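The structure under discussion appears below in the form of structure tokens.
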Amino acid sequence: MALGTATAPYELRFDAGRICLDLLSTTHPEERLDSVDVLRAWITGSGLVPAGTALAHLDDGWLVAFRELRGQTDRLVRGWSRPGARAYDRALAHVNDLARTAPPAPRAVRDSDGELVRQLDDPPGCAALLAAVARDAVDLLTDPVARAALRQCEGDNCRIVYLDTSRGRRRRWCSSEVCGNRERVARHRRRAALARA
């Protein structure tokens with residue numbers, strides 16, 4: 001697994017460079033958001049809520065809502081439809097509607113050691129968390145510099161989209177440790193096979 005990713009128990013990744021792109025990564029290589037428990041782990045792992053935030057109130061409706069936001073954001077980020085096309089406009093309207101809700105408001109409090117930590121007054125609602133992800137998507141889509149840094153991984157069968165913030169903007173893979181390693185191993189095997197032939 002790549003640095004910045006969770007290795008267990010759900011194999012969630014948080015290395016795409018934006019929360020909305022990390023949500024898109026939950027479809028690769030297969031559906032990751034397949035239960036409320038996994039969604040809870042994603043919400044916490046993505047940093048949408050501070051560690052230790054109670055999320056016992058999540059239900060299947062949250063799962064459906066996050067998957068819907070993921071699908072609409074994917075359509076916008078990948079540009080599958082031209083702006084002005086109905087599917088693109090519906091996706092844009094959906095993301096904009098979700099972004100209107102106020103996201104959870106954190107506050108700084110002292111922990112038992114006297115350090116300042118983030119905390120929420122109450123467990124966040126689904127609409128507030130969706131709004132945080134939707135606002136991240138709006139910020140990404142309306143920032144020409146960030147949009148220009150969007151890349152799709154060049155790894156075989158990898159559909160992950162990430163923000164390329166590397167020096168020289170030459171990053172090729174979603175993760176050097178995952179897809180990059182696979183590519184290097186495949187290249188080595190091809191050279192070894194040619195040498196044996």
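Ligands are numbered from 1 in the order shown, chains are lettered A, B, ... in the order of the structure tokens, and residues start at 1 in each chain.
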
Ser175 (chain A): which residues within 12 Å, counting only C-alpha atoms, same-chain residues fewer than 2 positions away excluded, as a PDB file with all heavy atoms, in the first residue's frame?
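Saved file result.pdb follows:
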ATOM      1  N   MET A   1       0.821  -1.194   0.000  1.00  0.00           N
ATOM      2  CA  MET A   1       0.000   0.000   0.000  1.00  0.00           C
ATOM      3  C   MET A   1       0.858   1.248   0.000  1.00  0.00           C
ATOM      4  O   MET A   1       1.946   1.267   0.550  1.00  0.00           O
ATOM      5  CB  MET A   1      -0.852   0.016   1.275  1.00  0.00           C
ATOM      6  CG  MET A   1      -2.223  -0.607   1.170  1.00  0.00           C
ATOM      7  SD  MET A   1      -3.378   0.384   0.256  1.00  0.00           S
ATOM      8  CE  MET A   1      -3.846  -0.768  -0.976  1.00  0.00           C
ATOM      9  N   ALA A   2       0.361   2.273  -0.551  1.00  0.00           N
ATOM     10  CA  ALA A   2       1.088   3.530  -0.645  1.00  0.00           C
ATOM     11  C   ALA A   2       1.126   4.248   0.688  1.00  0.00           C
ATOM     12  O   ALA A   2       0.282   4.035   1.540  1.00  0.00           O
ATOM     13  CB  ALA A   2       0.407   4.421  -1.674  1.00  0.00           C
ATOM     14  N   LEU A   3       2.129   5.077   0.842  1.00  0.00           N
ATOM     15  CA  LEU A   3       2.170   5.923   2.019  1.00  0.00           C
ATOM     16  C   LEU A   3       0.924   6.786   2.039  1.00  0.00           C
ATOM     17  O   LEU A   3       0.428   7.199   1.004  1.00  0.00           O
ATOM     18  CB  LEU A   3       3.410   6.809   1.996  1.00  0.00           C
ATOM     19  CG  LEU A   3       4.736   6.086   2.085  1.00  0.00           C
ATOM     20  CD1 LEU A   3       5.875   7.092   1.921  1.00  0.00           C
ATOM     21  CD2 LEU A   3       4.878   5.343   3.394  1.00  0.00           C
ATOM     22  N   GLY A   4       0.431   7.060   3.232  1.00  0.00           N
ATOM     23  CA  GLY A   4      -0.765   7.877   3.335  1.00  0.00           C
ATOM     24  C   GLY A   4      -2.035   7.097   3.083  1.00  0.00           C
ATOM     25  O   GLY A   4      -3.086   7.669   2.902  1.00  0.00           O
ATOM     26  N   THR A   5      -1.928   5.786   3.068  1.00  0.00           N
ATOM     27  CA  THR A   5      -3.112   4.961   2.859  1.00  0.00           C
ATOM     28  C   THR A   5      -3.326   4.079   4.063  1.00  0.00           C
ATOM     29  O   THR A   5      -2.417   3.771   4.805  1.00  0.00           O
ATOM     30  CB  THR A   5      -2.962   4.069   1.617  1.00  0.00           C
ATOM     31  OG1 THR A   5      -1.919   3.125   1.852  1.00  0.00           O
ATOM     32  CG2 THR A   5      -2.659   4.875   0.372  1.00  0.00           C
ATOM     33  N   ARG A  13      -7.748   4.462   0.548  1.00  0.00           N
ATOM     34  CA  ARG A  13      -6.592   5.295   0.193  1.00  0.00           C
ATOM     35  C   ARG A  13      -6.934   6.756   0.399  1.00  0.00           C
ATOM     36  O   ARG A  13      -8.040   7.179   0.098  1.00  0.00           O
ATOM     37  CB  ARG A  13      -6.213   5.042  -1.261  1.00  0.00           C
ATOM     38  CG  ARG A  13      -5.755   3.603  -1.470  1.00  0.00           C
ATOM     39  CD  ARG A  13      -5.338   3.366  -2.862  1.00  0.00           C
ATOM     40  NE  ARG A  13      -4.287   4.303  -3.255  1.00  0.00           N
ATOM     41  CZ  ARG A  13      -3.584   4.178  -4.349  1.00  0.00           C
ATOM     42  NH1 ARG A  13      -3.802   3.170  -5.156  1.00  0.00           N
ATOM     43  NH2 ARG A  13      -2.650   5.048  -4.658  1.00  0.00           N
ATOM     44  N   PHE A  14      -5.930   7.499   0.863  1.00  0.00           N
ATOM     45  CA  PHE A  14      -6.097   8.927   1.120  1.00  0.00           C
ATOM     46  C   PHE A  14      -4.896   9.674   0.565  1.00  0.00           C
ATOM     47  O   PHE A  14      -4.335  10.533   1.218  1.00  0.00           O
ATOM     48  CB  PHE A  14      -6.267   9.180   2.617  1.00  0.00           C
ATOM     49  CG  PHE A  14      -7.420   8.438   3.216  1.00  0.00           C
ATOM     50  CD1 PHE A  14      -7.211   7.280   3.942  1.00  0.00           C
ATOM     51  CD2 PHE A  14      -8.702   8.884   3.025  1.00  0.00           C
ATOM     52  CE1 PHE A  14      -8.276   6.580   4.483  1.00  0.00           C
ATOM     53  CE2 PHE A  14      -9.781   8.204   3.562  1.00  0.00           C
ATOM     54  CZ  PHE A  14      -9.569   7.044   4.293  1.00  0.00           C
ATOM     55  N   ASP A  15      -4.526   9.373  -0.667  1.00  0.00           N
ATOM     56  CA  ASP A  15      -3.316   9.952  -1.248  1.00  0.00           C
ATOM     57  C   ASP A  15      -3.550  10.624  -2.596  1.00  0.00           C
ATOM     58  O   ASP A  15      -2.613  10.895  -3.328  1.00  0.00           O
ATOM     59  CB  ASP A  15      -2.232   8.887  -1.385  1.00  0.00           C
ATOM     60  CG  ASP A  15      -2.654   7.683  -2.210  1.00  0.00           C
ATOM     61  OD1 ASP A  15      -3.831   7.604  -2.622  1.00  0.00           O
ATOM     62  OD2 ASP A  15      -1.809   6.796  -2.425  1.00  0.00           O
ATOM     63  N   ALA A  16      -4.795  10.955  -2.904  1.00  0.00           N
ATOM     64  CA  ALA A  16      -5.103  11.569  -4.201  1.00  0.00           C
ATOM     65  C   ALA A  16      -4.905  13.082  -4.194  1.00  0.00           C
ATOM     66  O   ALA A  16      -4.910  13.705  -5.246  1.00  0.00           O
ATOM     67  CB  ALA A  16      -6.528  11.232  -4.629  1.00  0.00           C
ATOM     68  N   GLY A  17      -4.741  13.675  -3.030  1.00  0.00           N
ATOM     69  CA  GLY A  17      -4.458  15.097  -2.957  1.00  0.00           C
ATOM     70  C   GLY A  17      -5.630  15.984  -2.612  1.00  0.00           C
ATOM     71  O   GLY A  17      -5.458  17.154  -2.298  1.00  0.00           O
ATOM     72  N   SER A  25     -11.525   7.485  -5.286  1.00  0.00           N
ATOM     73  CA  SER A  25     -10.645   6.318  -5.189  1.00  0.00           C
ATOM     74  C   SER A  25     -11.318   5.119  -4.529  1.00  0.00           C
ATOM     75  O   SER A  25     -10.793   4.013  -4.602  1.00  0.00           O
ATOM     76  CB  SER A  25      -9.369   6.667  -4.400  1.00  0.00           C
ATOM     77  OG  SER A  25      -8.633   7.650  -5.077  1.00  0.00           O
ATOM     78  N   ARG A 151      -4.574  14.378 -12.878  1.00  0.00           N
ATOM     79  CA  ARG A 151      -4.015  13.310 -13.710  1.00  0.00           C
ATOM     80  C   ARG A 151      -4.760  12.015 -13.429  1.00  0.00           C
ATOM     81  O   ARG A 151      -5.199  11.779 -12.304  1.00  0.00           O
ATOM     82  CB  ARG A 151      -2.538  13.059 -13.382  1.00  0.00           C
ATOM     83  CG  ARG A 151      -1.644  14.262 -13.487  1.00  0.00           C
ATOM     84  CD  ARG A 151      -1.306  14.577 -14.942  1.00  0.00           C
ATOM     85  NE  ARG A 151      -0.346  15.656 -15.015  1.00  0.00           N
ATOM     86  CZ  ARG A 151      -0.664  16.949 -15.031  1.00  0.00           C
ATOM     87  NH1 ARG A 151      -1.907  17.332 -14.967  1.00  0.00           N
ATOM     88  NH2 ARG A 151       0.270  17.879 -15.101  1.00  0.00           N
ATOM     89  N   GLN A 152      -4.837  11.171 -14.445  1.00  0.00           N
ATOM     90  CA  GLN A 152      -5.310   9.810 -14.227  1.00  0.00           C
ATOM     91  C   GLN A 152      -4.093   8.913 -14.210  1.00  0.00           C
ATOM     92  O   GLN A 152      -3.184   9.056 -15.033  1.00  0.00           O
ATOM     93  CB  GLN A 152      -6.273   9.345 -15.303  1.00  0.00           C
ATOM     94  CG  GLN A 152      -6.749   7.929 -15.007  1.00  0.00           C
ATOM     95  CD  GLN A 152      -7.945   7.521 -15.808  1.00  0.00           C
ATOM     96  OE1 GLN A 152      -8.765   8.346 -16.182  1.00  0.00           O
ATOM     97  NE2 GLN A 152      -8.044   6.230 -16.076  1.00  0.00           N
ATOM     98  N   CYS A 153      -4.065   7.996 -13.260  1.00  0.00           N
ATOM     99  CA  CYS A 153      -2.934   7.087 -13.111  1.00  0.00           C
ATOM    100  C   CYS A 153      -2.682   6.344 -14.420  1.00  0.00           C
ATOM    101  O   CYS A 153      -3.605   5.914 -15.100  1.00  0.00           O
ATOM    102  CB  CYS A 153      -3.224   6.103 -11.983  1.00  0.00           C
ATOM    103  SG  CYS A 153      -1.874   4.951 -11.677  1.00  0.00           S
ATOM    104  N   GLU A 154      -1.414   6.188 -14.760  1.00  0.00           N
ATOM    105  CA  GLU A 154      -1.029   5.464 -15.968  1.00  0.00           C
ATOM    106  C   GLU A 154      -0.866   3.967 -15.724  1.00  0.00           C
ATOM    107  O   GLU A 154      -0.505   3.224 -16.636  1.00  0.00           O
ATOM    108  CB  GLU A 154       0.275   6.038 -16.524  1.00  0.00           C
ATOM    109  CG  GLU A 154       0.137   7.442 -17.058  1.00  0.00           C
ATOM    110  CD  GLU A 154       1.438   7.987 -17.620  1.00  0.00           C
ATOM    111  OE1 GLU A 154       2.339   7.192 -17.974  1.00  0.00           O
ATOM    112  OE2 GLU A 154       1.562   9.213 -17.706  1.00  0.00           O
ATOM    113  N   GLY A 155      -1.113   3.528 -14.498  1.00  0.00           N
ATOM    114  CA  GLY A 155      -1.008   2.104 -14.191  1.00  0.00           C
ATOM    115  C   GLY A 155      -2.061   1.297 -14.931  1.00  0.00           C
ATOM    116  O   GLY A 155      -3.169   1.784 -15.195  1.00  0.00           O
ATOM    117  N   CYS A 158      -5.846   1.016 -13.719  1.00  0.00           N
ATOM    118  CA  CYS A 158      -6.041   1.910 -12.582  1.00  0.00           C
ATOM    119  C   CYS A 158      -6.798   3.142 -13.055  1.00  0.00           C
ATOM    120  O   CYS A 158      -6.391   3.812 -13.989  1.00  0.00           O
ATOM    121  CB  CYS A 158      -4.712   2.329 -11.955  1.00  0.00           C
ATOM    122  SG  CYS A 158      -4.936   3.316 -10.455  1.00  0.00           S
ATOM    123  N   ILE A 160      -7.689   5.666 -10.879  1.00  0.00           N
ATOM    124  CA  ILE A 160      -7.592   6.700  -9.862  1.00  0.00           C
ATOM    125  C   ILE A 160      -7.141   8.021 -10.475  1.00  0.00           C
ATOM    126  O   ILE A 160      -6.199   8.071 -11.267  1.00  0.00           O
ATOM    127  CB  ILE A 160      -6.644   6.258  -8.728  1.00  0.00           C
ATOM    128  CG1 ILE A 160      -7.299   5.112  -7.944  1.00  0.00           C
ATOM    129  CG2 ILE A 160      -6.286   7.418  -7.810  1.00  0.00           C
ATOM    130  CD1 ILE A 160      -6.485   4.581  -6.803  1.00  0.00           C
ATOM    131  N   VAL A 161      -7.834   9.082 -10.103  1.00  0.00           N
ATOM    132  CA  VAL A 161      -7.491  10.444 -10.500  1.00  0.00           C
ATOM    133  C   VAL A 161      -6.852  11.095  -9.286  1.00  0.00           C
ATOM    134  O   VAL A 161      -7.338  10.958  -8.169  1.00  0.00           O
ATOM    135  CB  VAL A 161      -8.742  11.233 -10.935  1.00  0.00           C
ATOM    136  CG1 VAL A 161      -8.393  12.677 -11.240  1.00  0.00           C
ATOM    137  CG2 VAL A 161      -9.392  10.573 -12.136  1.00  0.00           C
ATOM    138  N   TYR A 162      -5.751  11.801  -9.503  1.00  0.00           N
ATOM    139  CA  TYR A 162      -5.031  12.429  -8.395  1.00  0.00           C
ATOM    140  C   TYR A 162      -4.583  13.822  -8.807  1.00  0.00           C
ATOM    141  O   TYR A 162      -4.612  14.182  -9.985  1.00  0.00           O
ATOM    142  CB  TYR A 162      -3.826  11.578  -7.973  1.00  0.00           C
ATOM    143  CG  TYR A 162      -2.824  11.377  -9.090  1.00  0.00           C
ATOM    144  CD1 TYR A 162      -1.781  12.270  -9.284  1.00  0.00           C
ATOM    145  CD2 TYR A 162      -2.929  10.294  -9.962  1.00  0.00           C
ATOM    146  CE1 TYR A 162      -0.869  12.094 -10.318  1.00  0.00           C
ATOM    147  CE2 TYR A 162      -2.032  10.115 -10.997  1.00  0.00           C
ATOM    148  CZ  TYR A 162      -1.002  11.022 -11.165  1.00  0.00           C
ATOM    149  OH  TYR A 162      -0.109  10.859 -12.189  1.00  0.00           O
ATOM    150  N   LEU A 163      -4.172  14.581  -7.819  1.00  0.00           N
ATOM    151  CA  LEU A 163      -3.648  15.922  -8.040  1.00  0.00           C
ATOM    152  C   LEU A 163      -2.129  15.821  -8.092  1.00  0.00           C
ATOM    153  O   LEU A 163      -1.497  15.425  -7.119  1.00  0.00           O
ATOM    154  CB  LEU A 163      -4.092  16.823  -6.887  1.00  0.00           C
ATOM    155  CG  LEU A 163      -4.098  18.308  -7.114  1.00  0.00           C
ATOM    156  CD1 LEU A 163      -5.018  18.691  -8.259  1.00  0.00           C
ATOM    157  CD2 LEU A 163      -4.538  19.011  -5.845  1.00  0.00           C
ATOM    158  N   ASP A 164      -1.548  16.152  -9.220  1.00  0.00           N
ATOM    159  CA  ASP A 164      -0.093  16.065  -9.386  1.00  0.00           C
ATOM    160  C   ASP A 164       0.563  17.338  -8.872  1.00  0.00           C
ATOM    161  O   ASP A 164       0.557  18.364  -9.534  1.00  0.00           O
ATOM    162  CB  ASP A 164       0.265  15.838 -10.852  1.00  0.00           C
ATOM    163  CG  ASP A 164       1.755  15.677 -11.080  1.00  0.00           C
ATOM    164  OD1 ASP A 164       2.528  15.695 -10.096  1.00  0.00           O
ATOM    165  OD2 ASP A 164       2.149  15.534 -12.253  1.00  0.00           O
ATOM    166  N   SER A 166       3.760  17.137  -7.865  1.00  0.00           N
ATOM    167  CA  SER A 166       5.181  16.798  -7.889  1.00  0.00           C
ATOM    168  C   SER A 166       5.990  17.891  -8.578  1.00  0.00           C
ATOM    169  O   SER A 166       5.470  18.667  -9.386  1.00  0.00           O
ATOM    170  CB  SER A 166       5.402  15.472  -8.618  1.00  0.00           C
ATOM    171  OG  SER A 166       5.105  15.609  -9.987  1.00  0.00           O
ATOM    172  N   ARG A 171       4.561  13.309 -12.366  1.00  0.00           N
ATOM    173  CA  ARG A 171       4.068  12.109 -11.685  1.00  0.00           C
ATOM    174  C   ARG A 171       3.203  11.308 -12.649  1.00  0.00           C
ATOM    175  O   ARG A 171       2.335  11.855 -13.327  1.00  0.00           O
ATOM    176  CB  ARG A 171       3.270  12.547 -10.454  1.00  0.00           C
ATOM    177  CG  ARG A 171       2.779  11.430  -9.602  1.00  0.00           C
ATOM    178  CD  ARG A 171       2.144  11.977  -8.339  1.00  0.00           C
ATOM    179  NE  ARG A 171       1.251  11.012  -7.752  1.00  0.00           N
ATOM    180  CZ  ARG A 171       0.398  11.285  -6.807  1.00  0.00           C
ATOM    181  NH1 ARG A 171       0.320  12.517  -6.319  1.00  0.00           N
ATOM    182  NH2 ARG A 171      -0.390  10.355  -6.319  1.00  0.00           N
ATOM    183  N   ARG A 172       3.433  10.002 -12.695  1.00  0.00           N
ATOM    184  CA  ARG A 172       2.723   9.150 -13.640  1.00  0.00           C
ATOM    185  C   ARG A 172       1.700   8.241 -12.982  1.00  0.00           C
ATOM    186  O   ARG A 172       0.781   7.760 -13.641  1.00  0.00           O
ATOM    187  CB  ARG A 172       3.719   8.279 -14.401  1.00  0.00           C
ATOM    188  CG  ARG A 172       4.675   9.080 -15.250  1.00  0.00           C
ATOM    189  CD  ARG A 172       5.677   8.212 -15.953  1.00  0.00           C
ATOM    190  NE  ARG A 172       5.016   7.163 -16.711  1.00  0.00           N
ATOM    191  CZ  ARG A 172       5.594   6.004 -17.019  1.00  0.00           C
ATOM    192  NH1 ARG A 172       6.832   5.755 -16.655  1.00  0.00           N
ATOM    193  NH2 ARG A 172       4.947   5.096 -17.699  1.00  0.00           N
ATOM    194  N   TRP A 173       1.910   7.943 -11.704  1.00  0.00           N
ATOM    195  CA  TRP A 173       1.062   6.957 -11.037  1.00  0.00           C
ATOM    196  C   TRP A 173       0.392   7.554  -9.813  1.00  0.00           C
ATOM    197  O   TRP A 173       0.916   8.464  -9.177  1.00  0.00           O
ATOM    198  CB  TRP A 173       1.899   5.751 -10.606  1.00  0.00           C
ATOM    199  CG  TRP A 173       2.597   5.116 -11.743  1.00  0.00           C
ATOM    200  CD1 TRP A 173       2.029   4.443 -12.790  1.00  0.00           C
ATOM    201  CD2 TRP A 173       4.001   5.092 -11.979  1.00  0.00           C
ATOM    202  NE1 TRP A 173       2.994   4.007 -13.650  1.00  0.00           N
ATOM    203  CE2 TRP A 173       4.226   4.389 -13.173  1.00  0.00           C
ATOM    204  CE3 TRP A 173       5.104   5.595 -11.294  1.00  0.00           C
ATOM    205  CZ2 TRP A 173       5.490   4.173 -13.692  1.00  0.00           C
ATOM    206  CZ3 TRP A 173       6.358   5.382 -11.809  1.00  0.00           C
ATOM    207  CH2 TRP A 173       6.542   4.671 -12.996  1.00  0.00           C
ATOM    208  N   GLU A 177       4.452   3.522  -4.862  1.00  0.00           N
ATOM    209  CA  GLU A 177       4.572   2.254  -4.159  1.00  0.00           C
ATOM    210  C   GLU A 177       3.578   1.202  -4.649  1.00  0.00           C
ATOM    211  O   GLU A 177       3.805   0.022  -4.472  1.00  0.00           O
ATOM    212  CB  GLU A 177       4.379   2.457  -2.644  1.00  0.00           C
ATOM    213  CG  GLU A 177       5.482   3.247  -1.989  1.00  0.00           C
ATOM    214  CD  GLU A 177       5.266   4.752  -2.081  1.00  0.00           C
ATOM    215  OE1 GLU A 177       4.220   5.193  -2.615  1.00  0.00           O
ATOM    216  OE2 GLU A 177       6.156   5.497  -1.660  1.00  0.00           O
ATOM    217  N   VAL A 178       2.468   1.619  -5.242  1.00  0.00           N
ATOM    218  CA  VAL A 178       1.469   0.658  -5.707  1.00  0.00           C
ATOM    219  C   VAL A 178       1.603   0.484  -7.222  1.00  0.00           C
ATOM    220  O   VAL A 178       2.224  -0.453  -7.693  1.00  0.00           O
ATOM    221  CB  VAL A 178       0.039   1.095  -5.309  1.00  0.00           C
ATOM    222  CG1 VAL A 178      -1.001   0.113  -5.843  1.00  0.00           C
ATOM    223  CG2 VAL A 178      -0.084   1.195  -3.794  1.00  0.00           C
ATOM    224  N   CYS A 179       1.049   1.390  -7.988  1.00  0.00           N
ATOM    225  CA  CYS A 179       1.078   1.259  -9.451  1.00  0.00           C
ATOM    226  C   CYS A 179       2.489   1.419 -10.012  1.00  0.00           C
ATOM    227  O   CYS A 179       2.847   0.757 -10.981  1.00  0.00           O
ATOM    228  CB  CYS A 179       0.129   2.258 -10.090  1.00  0.00           C
ATOM    229  SG  CYS A 179      -1.597   1.807  -9.849  1.00  0.00           S
ATOM    230  N   GLY A 180       3.283   2.290  -9.427  1.00  0.00           N
ATOM    231  CA  GLY A 180       4.664   2.450  -9.881  1.00  0.00           C
ATOM    232  C   GLY A 180       5.454   1.173  -9.726  1.00  0.00           C
ATOM    233  O   GLY A 180       6.187   0.764 -10.633  1.00  0.00           O
ATOM    234  N   ASN A 181       5.321   0.522  -8.572  1.00  0.00           N
ATOM    235  CA  ASN A 181       6.001  -0.758  -8.357  1.00  0.00           C
ATOM    236  C   ASN A 181       5.520  -1.811  -9.342  1.00  0.00           C
ATOM    237  O   ASN A 181       6.324  -2.573  -9.877  1.00  0.00           O
ATOM    238  CB  ASN A 181       5.787  -1.248  -6.930  1.00  0.00           C
ATOM    239  CG  ASN A 181       6.900  -0.832  -6.009  1.00  0.00           C
ATOM    240  OD1 ASN A 181       7.895  -0.253  -6.433  1.00  0.00           O
ATOM    241  ND2 ASN A 181       6.729  -1.129  -4.741  1.00  0.00           N
ATOM    242  N   ARG A 182       4.206  -1.879  -9.561  1.00  0.00           N
ATOM    243  CA  ARG A 182       3.672  -2.852 -10.523  1.00  0.00           C
ATOM    244  C   ARG A 182       4.278  -2.633 -11.910  1.00  0.00           C
ATOM    245  O   ARG A 182       4.640  -3.586 -12.591  1.00  0.00           O
ATOM    246  CB  ARG A 182       2.159  -2.738 -10.592  1.00  0.00           C
ATOM    247  CG  ARG A 182       1.466  -3.275  -9.390  1.00  0.00           C
ATOM    248  CD  ARG A 182      -0.037  -3.226  -9.566  1.00  0.00           C
ATOM    249  NE  ARG A 182      -0.667  -3.498  -8.304  1.00  0.00           N
ATOM    250  CZ  ARG A 182      -1.708  -2.848  -7.839  1.00  0.00           C
ATOM    251  NH1 ARG A 182      -2.271  -1.898  -8.563  1.00  0.00           N
ATOM    252  NH2 ARG A 182      -2.215  -3.140  -6.668  1.00  0.00           N
ATOM    253  N   GLU A 183       4.375  -1.376 -12.316  1.00  0.00           N
ATOM    254  CA  GLU A 183       4.942  -1.064 -13.630  1.00  0.00           C
ATOM    255  C   GLU A 183       6.415  -1.453 -13.686  1.00  0.00           C
ATOM    256  O   GLU A 183       6.879  -2.031 -14.671  1.00  0.00           O
ATOM    257  CB  GLU A 183       4.766   0.414 -13.946  1.00  0.00           C
ATOM    258  CG  GLU A 183       5.348   0.838 -15.275  1.00  0.00           C
ATOM    259  CD  GLU A 183       4.676   0.187 -16.468  1.00  0.00           C
ATOM    260  OE1 GLU A 183       3.502  -0.197 -16.380  1.00  0.00           O
ATOM    261  OE2 GLU A 183       5.355   0.048 -17.513  1.00  0.00           O
TER     262      GLU A 183
END

Mind running region 17-67 of chain A against region 137-147 of chain A at 10 Å and telling me each contacting residue's nearest atom pair with the distance in Å (one decimal), counting only C-alpha atoms, chain and number ascending, as a tab-separated table?
residue	atom	partner	partner_atom	distance
A:Arg18	CA	A:Leu140	CA	8.2
A:Ile19	CA	A:Ala137	CA	8.2
A:Cys20	CA	A:Ala137	CA	5.6
A:Leu21	CA	A:Ala137	CA	8.1

Atom pair CA of Ala131 (chain A) / CA of Leu69 (chain A): separation (Å) = 9.8 Å

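The gap separating CA of Val133 (chain A) from CA of Gln119 (chain A) is 18.4 Å, in Å to one decimal.
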
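Here CA of Leu23 (chain A) and CA of Trp42 (chain A) stand 8.2 Å from one another.
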
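Across chain A, DSSP run on the backbone finds strand (DSSP E or B) at A:Thr5, A:Arg13, A:Pro106, A:Arg107, A:Ala108, A:Val109, A:Arg110, A:Leu116, A:Val117, A:Arg118, A:Gln119, A:Leu120, A:Leu150, A:Arg151, A:Gln152, A:Val161, A:Tyr162, A:Leu163.
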
Could you find all residues in region 69-180 of chain A that DSSP calls helix (DSSP H, G or I) from the backbone, and write them as a PyMOL selection string?
-> chain A and resi 69-78+86-99+126-141+144-148+167-169+176-180

Contacts between region 98-108 of chain A and region 22-54 of chain A, please, where a residue of region 22-54 of chain A counts if it comes within 9 Å (with only C-alpha atoms); show its shortest atom pair and distance in Å to one decimal, rows by chain and ascending number, as a tab-separated table.
residue	atom	partner	partner_atom	distance
A:Leu48	CA	A:Pro104	CA	8.5
A:Val49	CA	A:Pro104	CA	8.0
A:Pro50	CA	A:Pro106	CA	8.3

Hey, can you spit out that residue selection with N, CA and C atoms as an mmCIF file, in the first residue's frame?
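That gives us out37.cif:
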data_model
loop_
_atom_site.group_PDB
_atom_site.id
_atom_site.type_symbol
_atom_site.label_atom_id
_atom_site.label_comp_id
_atom_site.auth_asym_id
_atom_site.auth_seq_id
_atom_site.Cartn_x
_atom_site.Cartn_y
_atom_site.Cartn_z
ATOM 1 N N LEU A 48 -12.459 14.353 7.477
ATOM 2 C CA LEU A 48 -13.685 15.147 7.502
ATOM 3 C C LEU A 48 -14.119 15.450 8.932
ATOM 4 N N VAL A 49 -13.833 14.533 9.829
ATOM 5 C CA VAL A 49 -14.143 14.727 11.245
ATOM 6 C C VAL A 49 -12.884 14.451 12.052
ATOM 7 N N PRO A 50 -12.751 15.091 13.212
ATOM 8 C CA PRO A 50 -11.594 14.809 14.061
ATOM 9 C C PRO A 50 -11.632 13.366 14.569
#

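Among A:Leu63, A:Ala195, A:Ala134, A:Ala56, the residue with the shortest atom-to-atom distance to Val38 (chain A), counting only C-alpha atoms, is A:Leu63.
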